[in-house]
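Everything below belongs to work.csv, which stores CSV, C-alpha atoms.
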chain,number,residue,atom,x,y,z
A,735,MET,CA,187.2,-75.9,-118.1
A,736,LYS,CA,190.0,-78.2,-117.2
A,737,GLY,CA,191.7,-77.1,-120.4
A,738,PHE,CA,191.4,-73.5,-119.4
A,739,ASN,CA,192.8,-74.3,-115.9
A,740,ALA,CA,195.8,-76.1,-117.5
A,741,ILE,CA,196.4,-73.1,-119.7
A,742,GLY,CA,196.0,-70.7,-116.8
A,743,SER,CA,198.5,-72.7,-114.7
A,744,LEU,CA,201.0,-72.7,-117.6
A,745,VAL,CA,200.7,-68.9,-118.1
A,746,ILE,CA,201.2,-68.2,-114.4
A,747,ASP,CA,204.2,-70.6,-114.3
A,748,LYS,CA,205.8,-68.9,-117.4
A,749,ILE,CA,205.3,-65.4,-116.0
A,750,THR,CA,206.8,-66.4,-112.7
A,751,CYS,CA,209.8,-68.0,-114.4
A,752,TYR,CA,210.6,-65.0,-116.6
A,753,LEU,CA,210.1,-62.6,-113.6
A,754,TRP,CA,212.5,-64.6,-111.4
A,755,PHE,CA,215.0,-65.0,-114.2
A,756,SER,CA,215.1,-61.2,-114.9
A,757,ALA,CA,215.1,-60.3,-111.3
A,758,GLY,CA,218.0,-62.6,-110.7
A,759,LEU,CA,220.2,-60.4,-112.9
A,760,VAL,CA,220.1,-57.5,-110.4
A,761,PRO,CA,222.1,-59.3,-107.7
A,762,ALA,CA,224.6,-60.4,-110.4
A,763,PHE,CA,225.3,-56.7,-111.1
A,764,ILE,CA,225.5,-55.9,-107.4
A,765,LEU,CA,227.9,-58.8,-106.6
A,766,GLY,CA,230.1,-57.7,-109.5
A,767,PHE,CA,229.8,-60.7,-111.7
A,768,PRO,CA,231.0,-60.1,-115.3
A,769,VAL,CA,227.7,-59.6,-117.1
A,770,ASP,CA,227.5,-58.0,-120.6
A,771,ALA,CA,225.2,-54.9,-120.2
A,772,GLU,CA,223.9,-55.1,-123.7
A,773,LYS,CA,223.1,-58.8,-123.4
A,774,VAL,CA,221.4,-58.2,-120.1
A,775,GLN,CA,219.3,-55.4,-121.6
A,776,ASN,CA,218.2,-57.8,-124.4
A,777,ILE,CA,217.4,-60.6,-122.0
A,778,VAL,CA,215.3,-58.3,-119.8
A,779,THR,CA,213.5,-56.9,-122.9
A,780,TYR,CA,212.8,-60.4,-124.3
A,781,SER,CA,211.6,-61.6,-120.9
A,782,ALA,CA,209.3,-58.6,-120.6
A,783,GLY,CA,207.9,-59.3,-124.0
A,784,ALA,CA,207.3,-62.9,-123.1
A,785,VAL,CA,205.6,-61.9,-119.9
A,786,ALA,CA,203.3,-59.5,-121.9
A,787,VAL,CA,202.3,-62.3,-124.3
A,788,PHE,CA,201.5,-64.8,-121.5
A,789,SER,CA,199.8,-62.1,-119.5
A,790,ILE,CA,197.3,-61.3,-122.3
A,791,ILE,CA,196.7,-65.0,-122.6
A,792,GLY,CA,196.1,-65.2,-118.9
A,793,ALA,CA,193.7,-62.3,-119.0
A,794,LEU,CA,191.7,-64.1,-121.7
A,795,TYR,CA,191.7,-67.2,-119.6
A,796,GLN,CA,190.4,-65.3,-116.6
A,797,ALA,CA,187.7,-63.7,-118.6
A,798,MET,CA,186.5,-67.0,-120.1
A,799,SER,CA,186.7,-69.1,-116.9
A,800,ARG,CA,183.5,-70.0,-115.2
A,801,GLU,CA,185.1,-69.6,-111.9
A,802,GLY,CA,185.6,-65.9,-112.7
A,803,GLY,CA,188.3,-64.0,-111.1
A,804,SER,CA,189.7,-60.5,-111.5
A,805,VAL,CA,191.3,-59.8,-114.8
A,806,ALA,CA,192.8,-56.5,-113.5
A,807,PRO,CA,196.0,-58.0,-111.9
A,808,VAL,CA,196.9,-59.9,-115.1
A,809,LEU,CA,196.3,-56.9,-117.3
A,810,GLY,CA,198.4,-54.9,-114.9
A,811,VAL,CA,201.3,-57.3,-115.5
A,812,PHE,CA,200.7,-57.0,-119.2
A,813,LEU,CA,200.8,-53.2,-119.2
A,814,ALA,CA,204.0,-53.2,-117.0
A,815,ALA,CA,205.7,-55.6,-119.4
A,816,CYS,CA,204.7,-53.4,-122.4
A,817,VAL,CA,206.2,-50.4,-120.7
A,818,ILE,CA,209.5,-52.3,-120.1
A,819,VAL,CA,209.6,-53.4,-123.7
A,820,PHE,CA,208.6,-50.2,-125.5
A,821,LEU,CA,209.8,-47.4,-123.2
A,822,PRO,CA,213.5,-47.5,-124.4
A,823,LEU,CA,212.2,-47.2,-128.0
A,824,ILE,CA,210.0,-44.1,-127.4
A,825,SER,CA,211.5,-40.9,-128.8
A,826,GLN,CA,208.8,-38.5,-127.7
A,827,PHE,CA,205.6,-38.5,-125.6
A,828,SER,CA,203.2,-36.0,-124.2
A,829,PHE,CA,201.4,-36.1,-120.9
A,830,PHE,CA,198.9,-33.3,-119.8
A,831,GLY,CA,200.6,-30.8,-122.2
A,832,LEU,CA,204.2,-31.8,-121.2
A,833,GLU,CA,206.3,-33.1,-124.0
A,834,THR,CA,209.4,-35.2,-123.5
A,835,ARG,CA,212.0,-36.3,-126.0
A,836,MET,CA,214.1,-39.3,-124.9
A,837,ARG,CA,215.9,-41.7,-127.1
A,838,ASP,CA,216.6,-39.3,-130.1
A,839,LYS,CA,218.2,-36.8,-127.7
A,840,VAL,CA,220.5,-39.4,-126.3
A,841,LEU,CA,221.6,-40.5,-129.7
A,842,GLU,CA,222.0,-36.9,-130.8
A,843,VAL,CA,224.3,-36.1,-127.9
A,844,GLN,CA,226.4,-39.2,-128.5
A,845,ALA,CA,226.8,-38.1,-132.2
A,846,ILE,CA,227.8,-34.6,-131.2
A,847,GLU,CA,230.3,-36.0,-128.7
A,848,ASP,CA,231.9,-38.1,-131.4
A,849,ARG,CA,232.1,-35.2,-133.8
A,850,ILE,CA,233.6,-32.9,-131.2
A,851,ARG,CA,236.2,-35.6,-130.5
A,852,LYS,CA,237.1,-35.8,-134.1
A,853,ILE,CA,237.3,-32.0,-134.4
A,854,ALA,CA,239.6,-31.9,-131.3
A,855,ALA,CA,241.9,-34.5,-132.9
A,856,ILE,CA,242.1,-32.5,-136.2
A,857,ASN,CA,242.8,-29.2,-134.4
A,858,ALA,CA,245.5,-30.9,-132.5
A,859,ARG,CA,247.1,-32.2,-135.7
A,860,VAL,CA,246.9,-28.6,-137.2
A,861,THR,CA,248.5,-27.2,-134.0
A,862,TYR,CA,251.3,-29.8,-133.9
A,863,MET,CA,252.0,-29.4,-137.6
A,864,SER,CA,252.1,-25.6,-137.4
A,865,ILE,CA,254.5,-25.8,-134.4
A,866,ALA,CA,256.7,-28.5,-136.0
A,867,TRP,CA,257.2,-26.5,-139.2
A,868,ALA,CA,257.5,-23.0,-137.7
A,869,ASN,CA,260.8,-21.3,-138.3
A,870,ARG,CA,262.1,-24.1,-140.5
A,871,MET,CA,263.4,-24.0,-144.1
A,872,GLY,CA,261.0,-26.7,-145.3
A,873,SER,CA,257.3,-27.1,-145.2
A,874,PRO,CA,254.7,-29.9,-145.4
A,875,SER,CA,254.1,-31.3,-148.9
A,876,ALA,CA,251.0,-30.2,-150.8
A,877,LYS,CA,249.8,-33.8,-150.5
A,878,GLU,CA,250.0,-33.6,-146.7
A,879,LYS,CA,248.2,-30.3,-146.7
A,880,GLN,CA,245.5,-31.8,-148.9
A,881,THR,CA,245.0,-34.8,-146.6
A,882,LEU,CA,244.7,-32.5,-143.5
A,883,LEU,CA,242.4,-30.0,-145.2
A,884,ASP,CA,240.1,-32.8,-146.5
A,885,ASP,CA,239.7,-34.0,-143.0
A,886,VAL,CA,238.8,-30.5,-141.8
A,887,ASP,CA,236.4,-30.0,-144.7
A,888,LYS,CA,234.7,-33.3,-143.9
A,889,GLN,CA,234.1,-32.3,-140.3
A,890,ILE,CA,232.7,-28.9,-141.4
A,891,ARG,CA,230.2,-30.6,-143.7
A,892,GLU,CA,229.2,-33.1,-140.9
A,893,PHE,CA,228.4,-30.1,-138.7
A,894,LYS,CA,226.1,-28.9,-141.5
A,895,VAL,CA,227.8,-25.6,-141.8
A,896,THR,CA,226.1,-23.5,-144.6
A,897,GLU,CA,227.9,-23.4,-147.9
A,898,GLU,CA,228.3,-19.6,-147.6
A,899,GLU,CA,230.0,-20.0,-144.3
A,900,ARG,CA,232.2,-22.8,-145.5
A,901,LEU,CA,233.4,-20.8,-148.4
A,902,ARG,CA,234.2,-17.9,-146.1
A,903,ILE,CA,236.2,-20.3,-143.9
A,904,VAL,CA,238.2,-21.8,-146.7
A,905,GLN,CA,238.8,-18.6,-148.6
A,906,PRO,CA,242.2,-17.8,-146.9
A,907,VAL,CA,243.5,-21.2,-147.9
A,908,VAL,CA,242.2,-20.8,-151.5
A,909,ASN,CA,243.8,-17.4,-151.8
A,910,MET,CA,247.2,-18.7,-150.7
A,911,LEU,CA,246.9,-21.7,-152.9
A,912,LYS,CA,246.4,-19.4,-155.9
A,913,TYR,CA,249.3,-17.2,-154.8
A,914,ASP,CA,251.5,-20.3,-154.5
A,915,PHE,CA,250.7,-21.4,-158.1
A,916,PHE,CA,251.2,-17.8,-159.2
A,917,LEU,CA,254.7,-17.9,-157.8
A,918,ASP,CA,255.3,-21.4,-159.2
A,919,TYR,CA,254.4,-20.2,-162.7
A,920,ARG,CA,256.8,-17.2,-162.3
A,921,GLN,CA,259.6,-19.5,-161.1
A,922,ILE,CA,259.1,-21.7,-164.2
A,923,ILE,CA,259.3,-18.7,-166.5
A,924,TYR,CA,262.5,-17.5,-164.8
A,925,ASP,CA,264.0,-21.0,-164.8
A,926,TYR,CA,263.3,-21.3,-168.5
A,927,ALA,CA,264.8,-17.9,-169.1
A,928,GLY,CA,268.0,-19.1,-167.4
A,929,ILE,CA,268.1,-22.4,-169.3
A,930,ARG,CA,267.4,-20.6,-172.6
A,931,TYR,CA,270.0,-17.9,-172.1
A,932,GLY,CA,272.6,-20.5,-171.1
A,933,ILE,CA,272.0,-22.4,-174.3
A,934,LEU,CA,272.1,-19.2,-176.4
A,935,VAL,CA,275.4,-18.1,-174.8
A,936,GLU,CA,276.9,-21.5,-175.5
A,937,ASN,CA,275.6,-21.3,-179.1
A,938,ALA,CA,277.2,-17.9,-179.6
A,939,ARG,CA,280.7,-19.3,-179.0
A,940,ASN,CA,280.8,-20.3,-182.7
A,941,GLU,CA,280.9,-16.5,-183.5
A,942,ALA,CA,278.1,-16.9,-186.0
A,943,PRO,CA,276.1,-13.7,-186.4
A,944,GLU,CA,272.8,-15.5,-186.1
A,945,THR,CA,273.6,-17.1,-182.7
A,946,ARG,CA,274.9,-13.8,-181.4
A,947,GLU,CA,271.8,-12.0,-182.5
A,948,LEU,CA,269.6,-14.5,-180.7
A,949,ARG,CA,271.7,-14.2,-177.5
A,950,ASP,CA,271.5,-10.4,-177.6
A,951,ALA,CA,267.8,-10.4,-178.4
A,952,HIS,CA,267.1,-12.6,-175.4
A,953,SER,CA,269.1,-10.3,-173.1
A,954,ASP,CA,267.2,-7.2,-174.4
A,955,GLY,CA,263.9,-9.0,-174.0
A,956,MET,CA,264.6,-10.0,-170.4
A,957,GLY,CA,265.4,-6.4,-169.6
A,958,LYS,CA,262.1,-5.2,-170.9
A,959,TYR,CA,260.3,-8.1,-169.3
A,960,ASN,CA,261.7,-7.3,-165.8
A,961,LYS,CA,260.7,-3.7,-166.2
A,962,ARG,CA,257.2,-4.6,-167.1
A,963,VAL,CA,256.5,-7.3,-164.5
A,964,ASP,CA,256.1,-6.2,-160.9
A,965,ILE,CA,254.7,-8.7,-158.4
A,966,SER,CA,255.6,-6.8,-155.2
A,967,GLU,CA,251.9,-5.8,-154.6
A,968,VAL,CA,250.2,-8.9,-155.8
A,969,TRP,CA,249.8,-10.4,-152.3
A,970,ARG,CA,247.8,-7.3,-151.2
A,971,ARG,CA,245.0,-7.9,-153.6
A,972,LEU,CA,244.5,-11.7,-153.1
A,973,ASP,CA,240.8,-11.2,-152.3
A,974,SER,CA,240.2,-9.7,-155.8
A,975,PHE,CA,243.0,-11.7,-157.4
A,976,ASN,CA,242.1,-12.8,-161.0
A,977,PHE,CA,244.4,-15.8,-161.4
A,978,GLY,CA,244.2,-16.1,-165.2
A,979,GLU,CA,244.9,-12.4,-165.9
A,980,GLU,CA,247.8,-12.4,-163.5
A,981,LEU,CA,249.3,-15.3,-165.3
A,982,ASN,CA,248.9,-13.5,-168.6
A,983,THR,CA,250.9,-10.7,-167.1
A,984,LEU,CA,253.7,-13.1,-166.2
A,985,THR,CA,253.8,-14.8,-169.6
A,986,PRO,CA,256.7,-13.2,-171.6
A,987,THR,CA,255.9,-11.7,-174.9
A,988,GLU,CA,259.4,-10.0,-175.1
A,989,TRP,CA,261.6,-13.0,-175.6
A,990,LEU,CA,259.6,-16.2,-176.1
A,991,ASN,CA,259.3,-17.4,-179.7
A,992,ASP,CA,256.0,-18.7,-181.1
A,993,ASP,CA,256.6,-22.4,-180.2
A,994,GLU,CA,257.6,-21.4,-176.6
A,995,LYS,CA,254.5,-19.2,-176.2
A,996,VAL,CA,252.3,-22.2,-177.1
A,997,VAL,CA,253.8,-24.3,-174.4
A,998,ALA,CA,253.6,-21.5,-171.8
A,999,ASN,CA,250.0,-20.8,-172.6
A,1000,GLU,CA,249.0,-24.5,-172.5
A,1001,PHE,CA,250.6,-24.7,-169.1
A,1002,ARG,CA,248.9,-21.4,-168.0
A,1003,ASN,CA,245.5,-22.8,-169.1
A,1004,LYS,CA,246.2,-26.0,-167.1
A,1005,LEU,CA,246.9,-24.0,-164.0
A,1006,VAL,CA,243.8,-21.9,-164.4
A,1007,ARG,CA,241.7,-25.0,-164.6
A,1008,ILE,CA,243.3,-26.6,-161.6
A,1009,VAL,CA,242.9,-23.5,-159.5
A,1010,ALA,CA,239.2,-23.3,-160.5
A,1011,GLU,CA,238.7,-26.8,-159.3
A,1012,CYS,CA,240.5,-26.0,-156.0
A,1013,GLU,CA,238.2,-23.0,-155.5
A,1014,LYS,CA,235.2,-25.2,-156.0
A,1015,LYS,CA,236.4,-27.8,-153.6
A,1016,GLY,CA,237.8,-25.3,-151.1
A,1017,GLY,CA,241.3,-26.8,-151.0
A,1018,TYR,CA,243.8,-28.9,-152.8
A,1019,THR,CA,242.6,-31.4,-155.4
A,1020,SER,CA,244.8,-34.5,-155.9
A,1021,GLU,CA,246.0,-33.1,-159.2
A,1022,ALA,CA,246.9,-29.8,-157.7
A,1023,ALA,CA,248.8,-31.3,-154.8
A,1024,GLN,CA,250.7,-33.6,-157.1
A,1025,LEU,CA,251.6,-30.8,-159.5
A,1026,GLN,CA,252.7,-28.4,-156.7
A,1027,ASP,CA,254.9,-31.1,-155.1
A,1028,ALA,CA,256.5,-31.8,-158.5
A,1029,ILE,CA,257.3,-28.1,-159.1
A,1030,THR,CA,258.6,-27.3,-155.6
A,1031,GLY,CA,260.6,-30.6,-155.5
A,1032,ASP,CA,262.8,-29.4,-158.4
A,1033,SER,CA,261.5,-26.5,-160.4
A,1034,LYS,CA,264.4,-26.5,-162.9
A,1035,GLU,CA,263.9,-30.2,-163.7
A,1036,PHE,CA,260.2,-29.7,-164.1
A,1037,THR,CA,260.8,-26.7,-166.4
A,1038,ALA,CA,263.3,-28.6,-168.5
A,1039,SER,CA,260.7,-31.4,-168.9
A,1040,LEU,CA,258.0,-28.9,-169.8
A,1041,PHE,CA,260.1,-27.2,-172.5
A,1042,ARG,CA,262.0,-30.3,-173.6
A,1043,VAL,CA,261.3,-30.0,-177.3
A,1044,GLN,CA,262.0,-26.2,-177.4
A,1045,ILE,CA,265.3,-26.8,-175.6
A,1046,ASP,CA,266.4,-29.4,-178.1
A,1047,LYS,CA,265.6,-27.0,-181.0
A,1048,LEU,CA,267.6,-24.2,-179.3
A,1049,LYS,CA,270.6,-26.5,-179.0
A,1050,SER,CA,270.4,-27.4,-182.6
A,1051,LEU,CA,271.0,-23.7,-183.6
A,1052,ALA,CA,274.6,-24.0,-182.5
A,1053,ASN,CA,275.4,-25.4,-185.9
A,1054,PRO,CA,273.2,-23.6,-188.4
A,1055,LYS,CA,273.3,-25.0,-191.9
Produce structure tokens that represent the structure in this file.
Amino acid sequence: MKGFNAIGSLVIDKITCYLWFSAGLVPAFILGFPVDAEKVQNIVTYSAGAVAVFSIIGALYQAMSREGGSVAPVLGVFLAACVIVFLPLISQFSFFGLETRMRDKVLEVQAIEDRIRKIAAINARVTYMSIAWANRMGSPSAKEKQTLLDDVDKQIREFKVTEEERLRIVQPVVNMLKYDFFLDYRQIIYDYAGIRYGILVENARNEAPETRELRDAHSDGMGKYNKRVDISEVWRRLDSFNFGEELNTLTPTEWLNDDEKVVANEFRNKLVRIVAECEKKGGYTSEAAQLQDAITGDSKEFTASLFRVQIDKLKSLANPK
């Protein structure tokens, strides 16, 4: 029994030590000593765990001791220590029909606060960008728009907005994106028409019948093209806007030769693919942003690069063999 007495004394000493150590943290907070709250929480939890272990050992000692003694106080210490250890980890419990959710609710609220904070920051960026660019001749680059819209889309998905609702939210941006590329394609066609006519006029200075016929044919074709193409009402039907068909309407059949039509149709197909990818994403893709910035940066230079081979062929007609 002496062994049991020694063990019992050790258990009581350990319990007392951990209790005094944990209790000593309270005045440290009150007196304003710099104490890390997370470390304090860990120390108290570990101390309570140690108390629980030594308490159950003490309860066994009391039960096996010949001198007897009440086990209840030691078991009470054990249960109290268990409550201290496990209560912060409990997410839900029921008591006489009353259900309480604890830890998960706190974590959920913290996550919501973080998301709202991000949303507020993004909304502020949108507001400041809109105000900064209002009534100015310029506008943000497509790359800047892509970055901003990607941030907004990420937050929408984090809030678990349904896909149907997300598509409804992004639809105005997608419609304007299609309209912008529609206007870009139209600008490229008109830029090439100007480049082409300038070359044909220069070629016709040699007074050769062939070069004058090409110049006059281009002029007649442009007149017919301008009468056929009317984009004044396109913006009114953006919700039912078929991008590919609208580009077909813009593609000249009146004055482009066969080689030029191939280039125009290849570029048209590229735009249709890019816009389809933008619709799927709900905003600019990296390729779309890069292309639009290249076109709006200098459309004539872009057009000259696109039709480079055809331009060289037209220039060679100045000296027909």
Report task. Dig up all the protein and nucleic acid residues within 10 Å of (245.4, -27.6, -161.3) in the file frame, using all atoms listed in the file, and format them as a ChimeraX atom specification. Result -> /A:912,915,1001-1012,1018-1026
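Every polymer residue reaching to within 9 Å of (230.2, -31.7, -134.4), counting all atoms listed in the file, appears in this list: Ala845, Ile846, Glu847, Asp848, Arg849, Ile850, Arg851, Lys852, Ile853, Gln889, Ile890, Glu892, Phe893 and Lys894 of chain A.
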Taken to one decimal, the atom CA of A:Asp884-atom CA of A:Glu897 distance is 15.5 Å
Q. Quick one: residues within 12 Å of A:Asp914, all atoms listed in the file counted, chain neighbours fewer than 2 positions away excluded, as a list in words?
A. Ala876, Val907, Val908, Asn909, Met910, Leu911, Lys912, Phe916, Leu917, Asp918, Tyr919, Arg920, Gln921, Val968, Trp969, Leu972, Phe977, Leu1005, Val1009, Tyr1018, Ala1022, Ala1023, Leu1025, Gln1026, Asp1027, Ile1029 and Thr1030 of chain A
The residue from A:Arg971, A:Lys1049, A:Lys961, A:Arg1042 with the smallest atom-to-atom distance to A:Val997, counting all atoms listed in the file, is A:Arg1042
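Among the candidates A:Gln905, A:Val963, A:Glu988, A:Val843, the residue lying nearest to A:Lys1015 is A:Gln905 (atoms considered: only C-alpha atoms).
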message: What's around stretch 932-938 of chain A at 9 Å? Count all atoms listed in the file, leave out sequence neighbours fewer than 4 positions away in its own chain, and write the answer as a PyMOL selection string.
response: chain A and resi 927-928+942-950+952+1045+1048-1053
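Closest approach to A:Glu980 among A:Glu994, A:Tyr913, A:Arg902, A:Arg939: A:Tyr913, based on all atoms listed in the file.
From atom CA of A:Asn991 back to atom CA of A:Gly955, the distance works out to 11.1 Å.
Residue nearest A:Gly1031 within the list A:Gly1017, A:Asp925, A:Asp992, A:Ser875: A:Ser875 [criterion: smallest interatomic distance, only C-alpha atoms].
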Counting all atoms listed in the file, closest pick from A:Lys877, A:Lys1014, A:Glu941, A:Phe975 relative to A:Leu901 is A:Lys1014
